[in-house]
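Chemist: Before anything else, here's the structure in question.
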Amino acid sequence: SPNNESKVFYLKMKADYNRYIAEFTDGEEKAVAAEHARQAYTAAEETAAKGLPVTHPVRLGLALNFSVFLYEVLSEYDGACAMARAAFESSLAELDNIAEDSYKDSTLIMQLLRDNLTFWMADQAGEE
């Protein structure tokens with residue numbers, strides 16, 4: 001529904017804003033911004049799961065940004081990879097059902113999810 005899409009988009013933007021603060025601060029300020037980002041991303045994810053198809057570009061963009069947050073800010077590598085993989089695989093399975101008007105956006109974000117996953121897995125393999 002349009003309301004769900006707007007709510008998810010707003011929460012994602014709120015989370016992204018806090019993620020950017022967390023990326024460029026230290027100590028308590030970083031911890032507070034990271035927690036605010038996590039809360040907003042989680043709320044957005046819960047809202048998206050209730051009302052947006054897995055192929056919706058806003059839902060895919062949320063998964064992309066949330067997974068980057070987990071990887072870059074929280075160093076939760078396994079969680080980031082699991083989230084990116086789940087979003088990519090579930091949207092890939094529904095590829096035939098992507099709305100025509102969002103096909104280009106959705107497939108571009110899917111490519112970014114796959115690229116991140118490939119890079120992260122290689123990065124982790126290089127550190128072992």
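Labeling convention for the structure tokens: chains A, B, ... as they appear, residues from 1 per chain, ligands from 1 in order of appearance.
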Which residues come within 9 Å of A:Ala43, counting only C-alpha atoms, excluding same-chain residues fewer than 5 positions away, as an MDAnalysis selection string?
Modeler: chainID A and resid 8 11:12 38 48
Chemist: As a PyMOL selection string, please: every residue in chain A that DSSP puts in alpha helix (DSSP H).
Modeler: chain A and resi 2-23+27-51+57-68+77-93+103-127
Chemist: Just how far from atom CA of A:Leu64 is atom CA of A:Lys14, in Å to one decimal?
Modeler: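 We find that atom CA of A:Lys14 and atom CA of A:Leu64 lie 14.9 Å from each other.
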Chemist: May I have a table of the residues of stretch 51-95 of chain A lying at most 12 Å from stretch 121-127 of chain A, giving each one's closest pair of atoms and their distance in Å to one decimal, counting only C-alpha atoms, ordered by chain and ascending residue number, as a tab-separated table?
Modeler:
```
residue	atom	partner	partner_atom	distance
A:Tyr71	CA	A:Gln124	CA	11.0
A:Ser75	CA	A:Gln124	CA	11.3
A:Glu76	CA	A:Gln124	CA	11.5
A:Tyr77	CA	A:Gln124	CA	8.1
A:Asp78	CA	A:Met121	CA	9.4
A:Ala80	CA	A:Met121	CA	10.4
A:Cys81	CA	A:Met121	CA	7.7
A:Ala82	CA	A:Met121	CA	10.8
A:Ala84	CA	A:Met121	CA	11.3
A:Arg85	CA	A:Met121	CA	11.0
```
Chemist: Compile the contact shell of A:Lys7 as a count of residues only: residues with an atom at most 12 Å away, counting only C-alpha atoms, same-chain residues fewer than 2 positions apart removed.
Modeler: 25
Chemist: Per residue of stretch 14-66 of chain A within 8 Å of stretch 94-110 of chain A, record the nearest atom pair and its distance in Å to one decimal, counting only C-alpha atoms, with rows in chain order and ascending residue number, as a Markdown table.
Modeler:
```
| residue | atom | partner | partner_atom | distance |
| --- | --- | --- | --- | --- |
| A:Val54 | CA | A:Glu94 | CA | 7.6 |
| A:Thr55 | CA | A:Ile98 | CA | 5.9 |
| A:His56 | CA | A:Ser106 | CA | 6.5 |
| A:Pro57 | CA | A:Ser106 | CA | 4.8 |
| A:Leu60 | CA | A:Ile109 | CA | 6.4 |
| A:Gly61 | CA | A:Ile109 | CA | 6.4 |
| A:Leu64 | CA | A:Ile109 | CA | 7.4 |
```
Chemist: Rounded to one decimal in Å, what is the spacing between atom CA of A:Glu72 and atom CA of A:Glu28?
Modeler: 17.3 Å
Chemist: For A:Ala37, find every residue with an atom within 10 Å (counting only C-alpha atoms), except residues of its own chain fewer than 5 positions away, and show them as a list in words.
Modeler: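 What passes the distance filter is Leu11, Lys12, Met13, Lys14, Ala15, Asp16, Tyr17, Asn18, Arg19, Tyr20, Ile21, Ala22, Ala31, Val32, Thr42, Ala43, Phe66 and Phe69 of chain A.
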Chemist: Just write the chosen residues, C-alpha atoms, as a PDB file, in the first residue's frame.
Modeler:
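What follows is the written file result30.pdb:
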```pdb
ATOM      1  CA  LEU A  11      12.077   5.054   8.447  1.00  0.00           C
ATOM      2  CA  LYS A  12      14.842   4.087   6.013  1.00  0.00           C
ATOM      3  CA  MET A  13      15.799   7.750   5.587  1.00  0.00           C
ATOM      4  CA  LYS A  14      15.804   8.221   9.368  1.00  0.00           C
ATOM      5  CA  ALA A  15      18.026   5.164   9.739  1.00  0.00           C
ATOM      6  CA  ASP A  16      20.349   6.282   6.922  1.00  0.00           C
ATOM      7  CA  TYR A  17      20.747   9.708   8.575  1.00  0.00           C
ATOM      8  CA  ASN A  18      21.773   8.091  11.849  1.00  0.00           C
ATOM      9  CA  ARG A  19      24.025   5.623  10.028  1.00  0.00           C
ATOM     10  CA  TYR A  20      25.921   8.507   8.420  1.00  0.00           C
ATOM     11  CA  ILE A  21      26.407  10.124  11.847  1.00  0.00           C
ATOM     12  CA  ALA A  22      27.655   6.804  13.230  1.00  0.00           C
ATOM     13  CA  ALA A  31      26.992   4.317  19.854  1.00  0.00           C
ATOM     14  CA  VAL A  32      23.847   6.450  20.199  1.00  0.00           C
ATOM     15  CA  THR A  42      14.356  -2.653  12.227  1.00  0.00           C
ATOM     16  CA  ALA A  43      11.051  -0.748  12.273  1.00  0.00           C
ATOM     17  CA  PHE A  66      20.576  -2.085   6.436  1.00  0.00           C
ATOM     18  CA  PHE A  69      25.040  -0.633   8.164  1.00  0.00           C
TER      19      PHE A  69
END
```
Chemist: Which distance in Å separates atom CA of A:Val68 and atom CA of A:Glu29, to one decimal?
Modeler: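 Separating atom CA of A:Val68 from atom CA of A:Glu29 is a distance of 19.4 Å.
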Chemist: Choose the residue, out of A:Val73, A:Glu23, A:Phe119, A:Arg114, that has the smallest atom-to-atom separation from A:Glu89; count only C-alpha atoms.
Modeler: A:Arg114
